[in-house]
file protein36.pdb (PDB, C-alpha atoms and all ligand atoms)
ATOM      1  CA  MET A 186     146.073 101.045  61.079  1.00  0.00           C
ATOM      2  CA  GLU A 187     147.841 104.306  60.884  1.00  0.00           C
ATOM      3  CA  ILE A 188     148.414 106.876  63.564  1.00  0.00           C
ATOM      4  CA  ILE A 189     149.347 110.185  61.991  1.00  0.00           C
ATOM      5  CA  GLU A 190     150.645 112.882  64.262  1.00  0.00           C
ATOM      6  CA  PHE A 191     151.921 116.231  63.068  1.00  0.00           C
ATOM      7  CA  GLU A 192     155.172 117.651  64.287  1.00  0.00           C
ATOM      8  CA  ASN A 193     154.133 121.139  63.450  1.00  0.00           C
ATOM      9  CA  LYS A 194     150.901 121.241  65.403  1.00  0.00           C
ATOM     10  CA  LYS A 195     150.640 125.014  65.353  1.00  0.00           C
ATOM     11  CA  LYS A 196     150.790 125.178  61.561  1.00  0.00           C
ATOM     12  CA  TYR A 197     148.211 122.397  61.211  1.00  0.00           C
ATOM     13  CA  THR A 198     145.853 124.029  63.731  1.00  0.00           C
ATOM     14  CA  GLU A 199     146.105 127.453  62.092  1.00  0.00           C
ATOM     15  CA  LYS A 200     145.397 126.020  58.633  1.00  0.00           C
ATOM     16  CA  HIS A 201     142.246 124.254  59.844  1.00  0.00           C
ATOM     17  CA  LYS A 202     141.182 127.260  61.879  1.00  0.00           C
ATOM     18  CA  ARG A 203     141.247 129.374  58.696  1.00  0.00           C
ATOM     19  CA  LYS A 204     139.134 126.714  56.961  1.00  0.00           C
ATOM     20  CA  TYR A 205     136.476 126.683  59.693  1.00  0.00           C
ATOM     21  CA  THR A 206     136.403 130.473  59.850  1.00  0.00           C
ATOM     22  CA  LYS A 207     135.750 130.613  56.110  1.00  0.00           C
ATOM     23  CA  PHE A 208     133.151 127.839  56.079  1.00  0.00           C
ATOM     24  CA  ALA A 209     131.401 128.283  59.450  1.00  0.00           C
ATOM     25  CA  ASP A 210     128.072 129.353  57.896  1.00  0.00           C
ATOM     26  CA  PHE A 211     128.278 126.733  55.183  1.00  0.00           C
ATOM     27  CA  TYR A 212     129.131 124.056  57.759  1.00  0.00           C
ATOM     28  CA  ASP A 213     126.147 125.009  59.857  1.00  0.00           C
ATOM     29  CA  LYS A 214     123.695 125.084  56.981  1.00  0.00           C
ATOM     30  CA  LEU A 215     124.862 121.997  55.148  1.00  0.00           C
ATOM     31  CA  ILE A 216     126.003 119.552  57.808  1.00  0.00           C
ATOM     32  CA  TYR A 217     123.364 120.226  60.390  1.00  0.00           C
ATOM     33  CA  LYS A 218     120.605 119.956  57.823  1.00  0.00           C
ATOM     34  CA  ALA A 219     121.689 116.427  56.926  1.00  0.00           C
ATOM     35  CA  PRO A 220     119.300 114.096  58.791  1.00  0.00           C
ATOM     36  CA  ALA A 221     121.858 111.259  59.067  1.00  0.00           C
ATOM     37  CA  TYR A 222     124.430 113.608  60.603  1.00  0.00           C
ATOM     38  CA  ARG A 223     121.922 114.887  63.132  1.00  0.00           C
ATOM     39  CA  ARG A 224     120.924 111.320  63.998  1.00  0.00           C
ATOM     40  CA  TRP A 225     124.558 110.357  64.630  1.00  0.00           C
ATOM     41  CA  LEU A 226     125.055 113.366  66.905  1.00  0.00           C
ATOM     42  CA  GLU A 227     121.828 112.669  68.769  1.00  0.00           C
ATOM     43  CA  LYS A 228     122.924 109.080  69.531  1.00  0.00           C
ATOM     44  CA  THR A 229     125.343 110.553  72.071  1.00  0.00           C
ATOM     45  CA  LEU A 230     122.536 112.117  74.130  1.00  0.00           C
ATOM     46  CA  ALA A 231     121.496 108.927  75.887  1.00  0.00           C
ATOM     47  CA  TYR A 232     125.033 108.439  77.227  1.00  0.00           C
ATOM     48  CA  ILE A 233     125.506 111.811  78.926  1.00  0.00           C
ATOM     49  CA  THR A 234     125.997 111.340  82.665  1.00  0.00           C
ATOM     50  CA  GLY A 235     126.158 113.715  85.618  1.00  0.00           C
ATOM     51  CA  LYS A 236     125.307 117.397  85.736  1.00  0.00           C
ATOM     52  CA  ARG A 237     128.321 119.374  84.539  1.00  0.00           C
ATOM     53  CA  ILE A 238     129.166 118.779  80.899  1.00  0.00           C
ATOM     54  CA  LEU A 239     132.003 120.037  78.689  1.00  0.00           C
ATOM     55  CA  GLU A 240     131.616 119.814  74.933  1.00  0.00           C
ATOM     56  CA  VAL A 241     134.999 120.056  73.233  1.00  0.00           C
ATOM     57  CA  ALA A 242     135.028 121.227  69.583  1.00  0.00           C
ATOM     58  CA  PHE A 243     131.319 122.064  69.731  1.00  0.00           C
ATOM     59  CA  GLY A 244     131.319 123.550  66.222  1.00  0.00           C
ATOM     60  CA  THR A 245     128.153 125.499  65.452  1.00  0.00           C
ATOM     61  CA  GLY A 246     126.300 124.000  68.388  1.00  0.00           C
ATOM     62  CA  TYR A 247     123.522 121.819  67.015  1.00  0.00           C
ATOM     63  CA  LEU A 248     124.225 119.046  69.512  1.00  0.00           C
ATOM     64  CA  MET A 249     124.627 121.471  72.408  1.00  0.00           C
ATOM     65  CA  SER A 250     121.232 122.958  71.598  1.00  0.00           C
ATOM     66  CA  ARG A 251     119.726 119.493  72.101  1.00  0.00           C
ATOM     67  CA  TYR A 252     120.875 119.036  75.710  1.00  0.00           C
ATOM     68  CA  ALA A 253     121.698 122.523  77.104  1.00  0.00           C
ATOM     69  CA  ASN A 254     118.328 122.775  78.868  1.00  0.00           C
ATOM     70  CA  ARG A 255     119.118 119.760  81.049  1.00  0.00           C
ATOM     71  CA  TYR A 256     122.704 120.274  82.273  1.00  0.00           C
ATOM     72  CA  GLU A 257     125.232 122.850  83.408  1.00  0.00           C
ATOM     73  CA  VAL A 258     126.975 123.248  80.064  1.00  0.00           C
ATOM     74  CA  PHE A 259     130.449 124.433  79.114  1.00  0.00           C
ATOM     75  CA  GLY A 260     131.951 124.444  75.641  1.00  0.00           C
ATOM     76  CA  LEU A 261     135.457 124.774  74.254  1.00  0.00           C
ATOM     77  CA  ASP A 262     136.322 125.370  70.599  1.00  0.00           C
ATOM     78  CA  ASN A 263     139.274 127.156  69.048  1.00  0.00           C
ATOM     79  CA  ASN A 264     137.237 129.015  66.442  1.00  0.00           C
ATOM     80  CA  GLU A 265     135.457 132.315  67.056  1.00  0.00           C
ATOM     81  CA  ALA A 266     133.214 132.078  63.961  1.00  0.00           C
ATOM     82  CA  MET A 267     131.912 128.661  65.055  1.00  0.00           C
ATOM     83  CA  ARG A 268     131.493 129.922  68.618  1.00  0.00           C
ATOM     84  CA  ASP A 269     129.446 132.936  67.453  1.00  0.00           C
ATOM     85  CA  ILE A 270     127.002 130.744  65.528  1.00  0.00           C
ATOM     86  CA  THR A 271     126.618 128.509  68.595  1.00  0.00           C
ATOM     87  CA  ALA A 272     126.057 131.500  70.879  1.00  0.00           C
ATOM     88  CA  ASN A 273     123.355 132.851  68.537  1.00  0.00           C
ATOM     89  CA  ARG A 274     121.717 129.447  68.220  1.00  0.00           C
ATOM     90  CA  LEU A 275     121.528 129.006  72.003  1.00  0.00           C
ATOM     91  CA  LYS A 276     120.289 132.557  72.534  1.00  0.00           C
ATOM     92  CA  ALA A 277     117.542 132.141  69.927  1.00  0.00           C
ATOM     93  CA  LEU A 278     116.377 129.034  71.774  1.00  0.00           C
ATOM     94  CA  GLY A 279     116.552 130.669  75.201  1.00  0.00           C
ATOM     95  CA  LEU A 280     119.399 128.357  76.249  1.00  0.00           C
ATOM     96  CA  SER A 281     122.710 129.149  77.890  1.00  0.00           C
ATOM     97  CA  ALA A 282     126.207 127.688  78.143  1.00  0.00           C
ATOM     98  CA  GLU A 283     129.644 129.000  79.041  1.00  0.00           C
ATOM     99  CA  LEU A 284     131.497 129.015  75.713  1.00  0.00           C
ATOM    100  CA  ALA A 285     135.285 129.359  75.803  1.00  0.00           C
ATOM    101  CA  ILE A 286     137.767 129.798  72.982  1.00  0.00           C
ATOM    102  CA  GLY A 287     140.823 127.581  73.436  1.00  0.00           C
ATOM    103  CA  ASP A 288     142.766 124.550  72.343  1.00  0.00           C
ATOM    104  CA  VAL A 289     141.892 121.004  73.324  1.00  0.00           C
ATOM    105  CA  GLU A 290     145.473 120.529  74.482  1.00  0.00           C
ATOM    106  CA  GLN A 291     145.077 123.283  77.088  1.00  0.00           C
ATOM    107  CA  ILE A 292     141.573 123.044  78.514  1.00  0.00           C
ATOM    108  CA  PRO A 293     141.130 125.996  80.884  1.00  0.00           C
ATOM    109  CA  TYR A 294     139.504 124.046  83.720  1.00  0.00           C
ATOM    110  CA  GLN A 295     140.840 122.246  86.747  1.00  0.00           C
ATOM    111  CA  ASN A 296     141.339 118.497  87.092  1.00  0.00           C
ATOM    112  CA  GLY A 297     138.128 116.530  87.489  1.00  0.00           C
ATOM    113  CA  PHE A 298     135.865 119.565  86.993  1.00  0.00           C
ATOM    114  CA  PHE A 299     133.395 117.779  84.700  1.00  0.00           C
ATOM    115  CA  ASP A 300     131.120 114.791  85.053  1.00  0.00           C
ATOM    116  CA  CYS A 301     131.178 114.215  81.334  1.00  0.00           C
ATOM    117  CA  VAL A 302     133.133 115.394  78.281  1.00  0.00           C
ATOM    118  CA  LEU A 303     131.574 115.178  74.854  1.00  0.00           C
ATOM    119  CA  CYS A 304     133.537 115.441  71.614  1.00  0.00           C
ATOM    120  CA  THR A 305     131.913 114.804  68.226  1.00  0.00           C
ATOM    121  CA  PHE A 306     133.950 114.797  65.011  1.00  0.00           C
ATOM    122  CA  GLY A 307     136.623 116.761  66.853  1.00  0.00           C
ATOM    123  CA  PHE A 308     139.262 114.110  67.528  1.00  0.00           C
ATOM    124  CA  SER A 309     139.907 113.605  63.809  1.00  0.00           C
ATOM    125  CA  ASN A 310     140.621 117.346  63.583  1.00  0.00           C
ATOM    126  CA  PHE A 311     143.185 117.463  66.378  1.00  0.00           C
ATOM    127  CA  PRO A 312     146.816 117.234  65.313  1.00  0.00           C
ATOM    128  CA  ASP A 313     147.933 115.122  68.285  1.00  0.00           C
ATOM    129  CA  GLY A 314     145.400 112.498  69.372  1.00  0.00           C
ATOM    130  CA  PRO A 315     147.129 111.240  72.532  1.00  0.00           C
ATOM    131  CA  ALA A 316     147.767 114.801  73.791  1.00  0.00           C
ATOM    132  CA  ALA A 317     144.117 115.777  73.182  1.00  0.00           C
ATOM    133  CA  LEU A 318     142.851 112.614  74.869  1.00  0.00           C
ATOM    134  CA  LYS A 319     145.115 113.087  77.894  1.00  0.00           C
ATOM    135  CA  GLU A 320     143.818 116.628  78.391  1.00  0.00           C
ATOM    136  CA  MET A 321     140.148 115.658  77.999  1.00  0.00           C
ATOM    137  CA  LEU A 322     140.608 112.857  80.539  1.00  0.00           C
ATOM    138  CA  ARG A 323     142.310 115.234  82.959  1.00  0.00           C
ATOM    139  CA  VAL A 324     139.197 117.395  83.352  1.00  0.00           C
ATOM    140  CA  ILE A 325     136.828 114.440  83.869  1.00  0.00           C
ATOM    141  CA  LYS A 326     136.227 113.475  87.473  1.00  0.00           C
ATOM    142  CA  PRO A 327     136.917 109.877  88.564  1.00  0.00           C
ATOM    143  CA  GLY A 328     133.820 107.862  87.705  1.00  0.00           C
ATOM    144  CA  GLY A 329     132.956 110.348  84.931  1.00  0.00           C
ATOM    145  CA  ARG A 330     132.690 109.711  81.226  1.00  0.00           C
ATOM    146  CA  LEU A 331     134.121 110.682  77.856  1.00  0.00           C
ATOM    147  CA  ILE A 332     131.737 110.398  74.920  1.00  0.00           C
ATOM    148  CA  MET A 333     133.452 110.537  71.572  1.00  0.00           C
ATOM    149  CA  LEU A 334     131.885 110.296  68.146  1.00  0.00           C
ATOM    150  CA  ASP A 335     134.214 110.142  65.176  1.00  0.00           C
ATOM    151  CA  MET A 336     135.178 108.528  61.937  1.00  0.00           C
ATOM    152  CA  ASN A 337     137.289 105.409  61.811  1.00  0.00           C
ATOM    153  CA  TYR A 338     137.815 102.249  59.830  1.00  0.00           C
ATOM    154  CA  PRO A 339     134.993  99.701  60.133  1.00  0.00           C
ATOM    155  CA  LYS A 340     135.728  96.555  62.115  1.00  0.00           C
ATOM    156  CA  LYS A 341     134.843  94.449  59.059  1.00  0.00           C
ATOM    157  CA  PHE A 342     135.947  95.250  55.521  1.00  0.00           C
ATOM    158  CA  HIS A 343     133.394  97.131  53.458  1.00  0.00           C
ATOM    159  CA  VAL A 344     134.168  98.484  50.018  1.00  0.00           C
ATOM    160  CA  VAL A 345     132.022 101.625  50.380  1.00  0.00           C
ATOM    161  CA  ALA A 346     133.596 102.280  53.778  1.00  0.00           C
ATOM    162  CA  ASN A 347     137.028 102.233  52.191  1.00  0.00           C
ATOM    163  CA  PHE A 348     136.012 104.952  49.749  1.00  0.00           C
ATOM    164  CA  LEU A 349     134.490 106.986  52.559  1.00  0.00           C
ATOM    165  CA  ILE A 350     137.712 106.705  54.564  1.00  0.00           C
ATOM    166  CA  LEU A 351     139.704 107.953  51.577  1.00  0.00           C
ATOM    167  CA  PHE A 352     137.327 110.912  51.342  1.00  0.00           C
ATOM    168  CA  TYR A 353     137.585 111.677  55.092  1.00  0.00           C
ATOM    169  CA  LYS A 354     141.350 111.488  54.902  1.00  0.00           C
ATOM    170  CA  SER A 355     141.430 114.395  52.474  1.00  0.00           C
ATOM    171  CA  GLU A 356     140.345 116.670  55.341  1.00  0.00           C
ATOM    172  CA  CYS A 357     140.872 114.830  58.618  1.00  0.00           C
ATOM    173  CA  ILE A 358     143.215 112.497  60.449  1.00  0.00           C
ATOM    174  CA  ILE A 359     141.816 108.982  60.621  1.00  0.00           C
ATOM    175  CA  ARG A 360     143.622 107.329  63.475  1.00  0.00           C
ATOM    176  CA  ASP A 361     143.400 104.083  65.397  1.00  0.00           C
ATOM    177  CA  ILE A 362     141.261 105.457  68.219  1.00  0.00           C
ATOM    178  CA  SER A 363     140.803 102.112  70.005  1.00  0.00           C
ATOM    179  CA  GLY A 364     144.562 101.554  69.819  1.00  0.00           C
ATOM    180  CA  ILE A 365     145.078 104.920  71.523  1.00  0.00           C
ATOM    181  CA  PHE A 366     142.449 104.055  74.177  1.00  0.00           C
ATOM    182  CA  ASP A 367     144.193 100.708  74.737  1.00  0.00           C
ATOM    183  CA  SER A 368     147.542 102.426  75.172  1.00  0.00           C
ATOM    184  CA  PHE A 369     145.883 104.571  77.907  1.00  0.00           C
ATOM    185  CA  LYS A 370     144.485 101.336  79.454  1.00  0.00           C
ATOM    186  CA  LEU A 371     140.932 102.713  79.269  1.00  0.00           C
ATOM    187  CA  THR A 372     137.670 100.835  79.662  1.00  0.00           C
ATOM    188  CA  TYR A 373     135.466 101.696  76.699  1.00  0.00           C
ATOM    189  CA  SER A 374     132.881 100.526  74.217  1.00  0.00           C
ATOM    190  CA  ASP A 375     133.130 101.096  70.472  1.00  0.00           C
ATOM    191  CA  MET A 376     129.841 101.097  68.529  1.00  0.00           C
ATOM    192  CA  GLU A 377     129.577 101.494  64.769  1.00  0.00           C
ATOM    193  CA  ILE A 378     126.491 103.642  64.315  1.00  0.00           C
ATOM    194  CA  GLY A 379     126.530 104.624  60.639  1.00  0.00           C
ATOM    195  CA  GLY A 380     128.463 105.438  57.485  1.00  0.00           C
ATOM    196  CA  PHE A 381     128.938 101.749  56.542  1.00  0.00           C
ATOM    197  CA  GLY A 382     130.774 101.212  59.835  1.00  0.00           C
ATOM    198  CA  THR A 383     132.938 104.327  59.565  1.00  0.00           C
ATOM    199  CA  VAL A 384     131.095 106.386  62.190  1.00  0.00           C
ATOM    200  CA  HIS A 385     131.995 105.172  65.675  1.00  0.00           C
ATOM    201  CA  LEU A 386     130.546 106.097  69.029  1.00  0.00           C
ATOM    202  CA  TYR A 387     133.039 105.546  71.857  1.00  0.00           C
ATOM    203  CA  ILE A 388     131.991 105.580  75.499  1.00  0.00           C
ATOM    204  CA  VAL A 389     134.943 105.762  77.877  1.00  0.00           C
ATOM    205  CA  ASP A 390     134.331 105.389  81.611  1.00  0.00           C
ATOM    206  CA  LYS A 391     137.048 106.922  83.757  1.00  0.00           C
TER     207      LYS A 391
HETATM  208  C1  LIG B 401     134.297 118.844  62.202  1.00  0.00           C
HETATM  209  S1  LIG B 401     133.946 120.153  63.321  1.00  0.00           S
HETATM  210  C2  LIG B 401     132.894 119.289  64.490  1.00  0.00           C
HETATM  211  C3  LIG B 401     131.911 120.216  65.098  1.00  0.00           C
HETATM  212  C4  LIG B 401     130.795 119.540  65.892  1.00  0.00           C
HETATM  213  N1  LIG B 401     131.296 118.915  67.097  1.00  0.00           N
HETATM  214  C5  LIG B 401     130.041 118.539  65.044  1.00  0.00           C
HETATM  215  O1  LIG B 401     129.962 117.376  65.428  1.00  0.00           O
HETATM  216  O2  LIG B 401     129.539 118.918  63.990  1.00  0.00           O
HETATM  217  C6  LIG B 401     135.472 120.288  64.197  1.00  0.00           C
HETATM  218  C7  LIG B 401     135.476 121.369  65.257  1.00  0.00           C
HETATM  219  O3  LIG B 401     136.707 121.255  65.990  1.00  0.00           O
HETATM  220  C8  LIG B 401     137.189 122.549  66.283  1.00  0.00           C
HETATM  221  N2  LIG B 401     138.621 122.414  66.556  1.00  0.00           N
HETATM  222  C9  LIG B 401     139.567 122.031  65.665  1.00  0.00           C
HETATM  223  N3  LIG B 401     140.768 121.971  66.254  1.00  0.00           N
HETATM  224  C10 LIG B 401     140.574 122.308  67.551  1.00  0.00           C
HETATM  225  C11 LIG B 401     141.440 122.420  68.671  1.00  0.00           C
HETATM  226  N4  LIG B 401     142.743 122.161  68.552  1.00  0.00           N
HETATM  227  N5  LIG B 401     140.917 122.761  69.868  1.00  0.00           N
HETATM  228  C12 LIG B 401     139.591 123.026  69.985  1.00  0.00           C
HETATM  229  N6  LIG B 401     138.714 122.937  68.954  1.00  0.00           N
HETATM  230  C13 LIG B 401     139.197 122.582  67.745  1.00  0.00           C
HETATM  231  C14 LIG B 401     136.829 123.336  65.041  1.00  0.00           C
HETATM  232  O4  LIG B 401     136.846 124.736  65.256  1.00  0.00           O
HETATM  233  C15 LIG B 401     135.443 122.807  64.709  1.00  0.00           C
HETATM  234  O5  LIG B 401     134.453 123.545  65.368  1.00  0.00           O
END
call {"tool": "encode", "arguments": {"input": "protein36.pdb", "output": "structure tokens"}}
result
Amino acid sequence: MEIIEFENKKKYTEKHKRKYTKFADFYDKLIYKAPAYRRWLEKTLAYITGKRILEVAFGTGYLMSRYANRYEVFGLDNNEAMRDITANRLKALGLSAELAIGDVEQIPYQNGFFDCVLCTFGFSNFPDGPAALKEMLRVIKPGGRLIMLDMNYPKKFHVVANFLILFYKSECIIRDISGIFDSFKLTYSDMEIGGFGTVHLYIVDK
């Protein structure tokens, strides 16, 4: 399994930020209208614990709109266009959340501030997985939880999965997420929930 990290993180981040700025509307309309995608996101809902939740890389906010009425919700994303769509979506639904613009490697909250951090299809967009993970863990209180949904290789070989991984790799970084969790000595579960085993739901208890 490969772990790809980019030396020039700033350049990588800026390139992807331009992409999300350009395609924010398209992303919202296309991705969030796909029933399978929505189902994958919604699988995370049952695992949210505690009261104060941070969603990192919240995108255009479909998932946030599904739980914001039940928790004290904070969001962090590095893209203003994505943030604006989320803010409008929440407002239209009469929901609220504190949405910040910033980088996952510098989360603007103190240690242990959150009961739970949620990150869906964000990790594969971050240029430095271990640095992003370390920072997300920092803001989770002891006994709290990290819920991560992302793409990865299936545990068992599947020919369709291999094609999907090749496709994902054209846009994202497919890394050995369990290997990174192991190197942090974390207790976690890894469930394959779709995409021929390529969509994984990770629950990490701190
Ligand atoms: C593939 S989208 C996922 C959005 C949403 N969570 C979902 O599941 O559809 C990736 C998101 O990560 C955000 N992002 C990328 N790099 C980031 C970084 N370094 N820090 C914070 N957010 C980042 C992007 O702006 C985008 O909203």
call {"tool": "axis_aligned_box", "arguments": {"input": "protein36.pdb", "around": "ligand LIG 401 (chain B)", "padding_each_side": "5 Å", "output": "JSON"}}
result
{"center_x": 136.1, "center_y": 121.1, "center_z": 66.1, "size_x": 23.2, "size_y": 17.4, "size_z": 17.8}
call {"tool": "resolve_selection", "arguments": {"input": "protein36.pdb", "expression": "the PyMOL selection byres (((chain A and resi 303-315) around 7) and not hetatm)", "output": "list in words"}}
result
Glu190, Phe191, Lys194, Tyr197, Leu239, Glu240, Val241, Ala242, Cys301, Val302, Ala316, Ala317, Leu318, Lys319, Leu331, Ile332, Met333, Leu334, Asp335, Cys357, Ile358, Ile359 and Ile365 of chain A
call {"tool": "write_last_selection", "arguments": {"input": "protein36.pdb", "atoms": "C-alpha atoms", "output": "CSV table (one decimal), in the coordinates of the input"}}
result
chain,number,residue,atom,x,y,z
A,190,GLU,CA,150.6,112.9,64.3
A,191,PHE,CA,151.9,116.2,63.1
A,194,LYS,CA,150.9,121.2,65.4
A,197,TYR,CA,148.2,122.4,61.2
A,239,LEU,CA,132.0,120.0,78.7
A,240,GLU,CA,131.6,119.8,74.9
A,241,VAL,CA,135.0,120.1,73.2
A,242,ALA,CA,135.0,121.2,69.6
A,301,CYS,CA,131.2,114.2,81.3
A,302,VAL,CA,133.1,115.4,78.3
A,316,ALA,CA,147.8,114.8,73.8
A,317,ALA,CA,144.1,115.8,73.2
A,318,LEU,CA,142.9,112.6,74.9
A,319,LYS,CA,145.1,113.1,77.9
A,331,LEU,CA,134.1,110.7,77.9
A,332,ILE,CA,131.7,110.4,74.9
A,333,MET,CA,133.5,110.5,71.6
A,334,LEU,CA,131.9,110.3,68.1
A,335,ASP,CA,134.2,110.1,65.2
A,357,CYS,CA,140.9,114.8,58.6
A,358,ILE,CA,143.2,112.5,60.4
A,359,ILE,CA,141.8,109.0,60.6
A,365,ILE,CA,145.1,104.9,71.5
call {"tool": "residues_around", "arguments": {"input": "protein36.pdb", "residues": "Ala285 in chain A", "least_positions_apart": "4", "cutoff": "12 Å", "atoms": "only C-alpha atoms", "output": "number ranges by chain"}}
result
A: 239-244, 258-265, 267-269, 271-272, 289, 291-294
call {"tool": "atom_distance", "arguments": {"input": "protein36.pdb", "atom1": "CA of Lys391 in chain A", "atom2": "CA of Arg330 in chain A"}}
result
5.8 Å
call {"tool": "resolve_selection", "arguments": {"input": "protein36.pdb", "expression": "the PyMOL selection byres (((chain A and resi 375) around 10) and not hetatm)", "output": "number ranges by chain"}}
result
A: 333-334, 340, 362-363, 373-374, 376-378, 385-389
call {"tool": "closest_residue", "arguments": {"input": "protein36.pdb", "among": "A:His201, A:Arg255, A:Lys326, A:Lys207", "to": "ligand LIG 401 (chain B)", "atoms": "all atoms listed in the file"}}
result
A:His201
call {"tool": "closest_residue", "arguments": {"input": "protein36.pdb", "among": "A:Tyr247, A:Tyr217, A:Phe381, A:Tyr252", "to": "Ile233 in chain A", "atoms": "only C-alpha atoms"}}
result
A:Tyr252
call {"tool": "atom_distance", "arguments": {"input": "protein36.pdb", "atom1": "CA of Val324 in chain A", "atom2": "CA of Phe298 in chain A"}}
result
5.4 Å
call {"tool": "closest_residue", "arguments": {"input": "protein36.pdb", "among": "A:Ser355, A:Ser250, A:Asn296, A:Asn193", "to": "Arg323 in chain A", "atoms": "all atoms listed in the file"}}
result
A:Asn296
call {"tool": "atom_distance", "arguments": {"input": "protein36.pdb", "atom1": "CA of Asp361 in chain A", "atom2": "CA of Gly235 in chain A"}}
result
28.3 Å
call {"tool": "residues_around", "arguments": {"input": "protein36.pdb", "residues": "Leu226 in chain A", "least_positions_apart": "3", "cutoff": "8 Å", "atoms": "only C-alpha atoms", "output": "list in words"}}
result
Tyr222, Arg223, Thr229, Leu230, Leu248, Thr305 and Leu334 of chain A
call {"tool": "write_last_selection", "arguments": {"input": "protein36.pdb", "atoms": "C-alpha atoms", "output": "PDB file, in the coordinates of the input"}}
result
ATOM      1  CA  TYR A 222     124.430 113.608  60.603  1.00  0.00           C
ATOM      2  CA  ARG A 223     121.922 114.887  63.132  1.00  0.00           C
ATOM      3  CA  THR A 229     125.343 110.553  72.071  1.00  0.00           C
ATOM      4  CA  LEU A 230     122.536 112.117  74.130  1.00  0.00           C
ATOM      5  CA  LEU A 248     124.225 119.046  69.512  1.00  0.00           C
ATOM      6  CA  THR A 305     131.913 114.804  68.226  1.00  0.00           C
ATOM      7  CA  LEU A 334     131.885 110.296  68.146  1.00  0.00           C
TER       8      LEU A 334
END
call {"tool": "closest_residue", "arguments": {"input": "protein36.pdb", "among": "A:Glu290, A:Ile216, A:Asn347, A:Ala231", "to": "Lys195 in chain A", "atoms": "all atoms listed in the file"}}
result
A:Glu290
call {"tool": "closest_residue", "arguments": {"input": "protein36.pdb", "among": "A:Asp300, A:Asp288, A:Asp213, A:Glu227", "to": "Tyr256 in chain A", "atoms": "only C-alpha atoms"}}
result
A:Asp300
call {"tool": "closest_residue", "arguments": {"input": "protein36.pdb", "among": "A:Gly382, A:Gly246, A:Gly364, A:Gly297", "to": "Tyr338 in chain A", "atoms": "all atoms listed in the file"}}
result
A:Gly382
call {"tool": "build_atoms", "arguments": {"input": "protein36.pdb", "residues": "range 233-248 of chain A", "atoms": "N, CA and C atoms", "output": "compact mmCIF listing (two decimals), in the coordinates of the input"}}
result
# COMPACT_ATOMS: atom_id res chain seq x y z
N ILE A 233 125.01 110.73 78.07
CA ILE A 233 125.51 111.81 78.93
C ILE A 233 125.20 111.47 80.38
N THR A 234 126.22 111.63 81.24
CA THR A 234 126.00 111.34 82.66
C THR A 234 126.37 112.56 83.50
N GLY A 235 125.81 112.64 84.69
CA GLY A 235 126.16 113.72 85.62
C GLY A 235 125.46 115.02 85.28
N LYS A 236 125.99 116.10 85.88
CA LYS A 236 125.31 117.40 85.74
C LYS A 236 126.13 118.40 84.94
N ARG A 237 127.48 118.34 85.17
CA ARG A 237 128.32 119.37 84.54
C ARG A 237 129.04 118.79 83.32
N ILE A 238 128.72 119.36 82.17
CA ILE A 238 129.17 118.78 80.90
C ILE A 238 130.07 119.75 80.16
N LEU A 239 131.16 119.23 79.59
CA LEU A 239 132.00 120.04 78.69
C LEU A 239 131.91 119.44 77.29
N GLU A 240 131.55 120.28 76.32
CA GLU A 240 131.62 119.81 74.93
C GLU A 240 132.84 120.45 74.28
N VAL A 241 133.77 119.59 73.89
CA VAL A 241 135.00 120.06 73.23
C VAL A 241 134.77 120.04 71.73
N ALA A 242 135.20 121.11 71.04
CA ALA A 242 135.03 121.23 69.58
C ALA A 242 133.54 121.19 69.24
N PHE A 243 132.79 122.10 69.86
CA PHE A 243 131.32 122.06 69.73
C PHE A 243 130.82 122.55 68.38
N GLY A 244 131.72 123.14 67.56
CA GLY A 244 131.32 123.55 66.22
C GLY A 244 130.27 124.63 66.26
N THR A 245 129.20 124.46 65.47
CA THR A 245 128.15 125.50 65.45
C THR A 245 126.97 125.14 66.36
N GLY A 246 127.17 124.15 67.23
CA GLY A 246 126.30 124.00 68.39
C GLY A 246 124.98 123.27 68.24
N TYR A 247 124.80 122.54 67.13
CA TYR A 247 123.52 121.82 67.02
C TYR A 247 123.34 120.85 68.19
N LEU A 248 124.37 120.04 68.44
CA LEU A 248 124.22 119.05 69.51
C LEU A 248 124.00 119.73 70.87
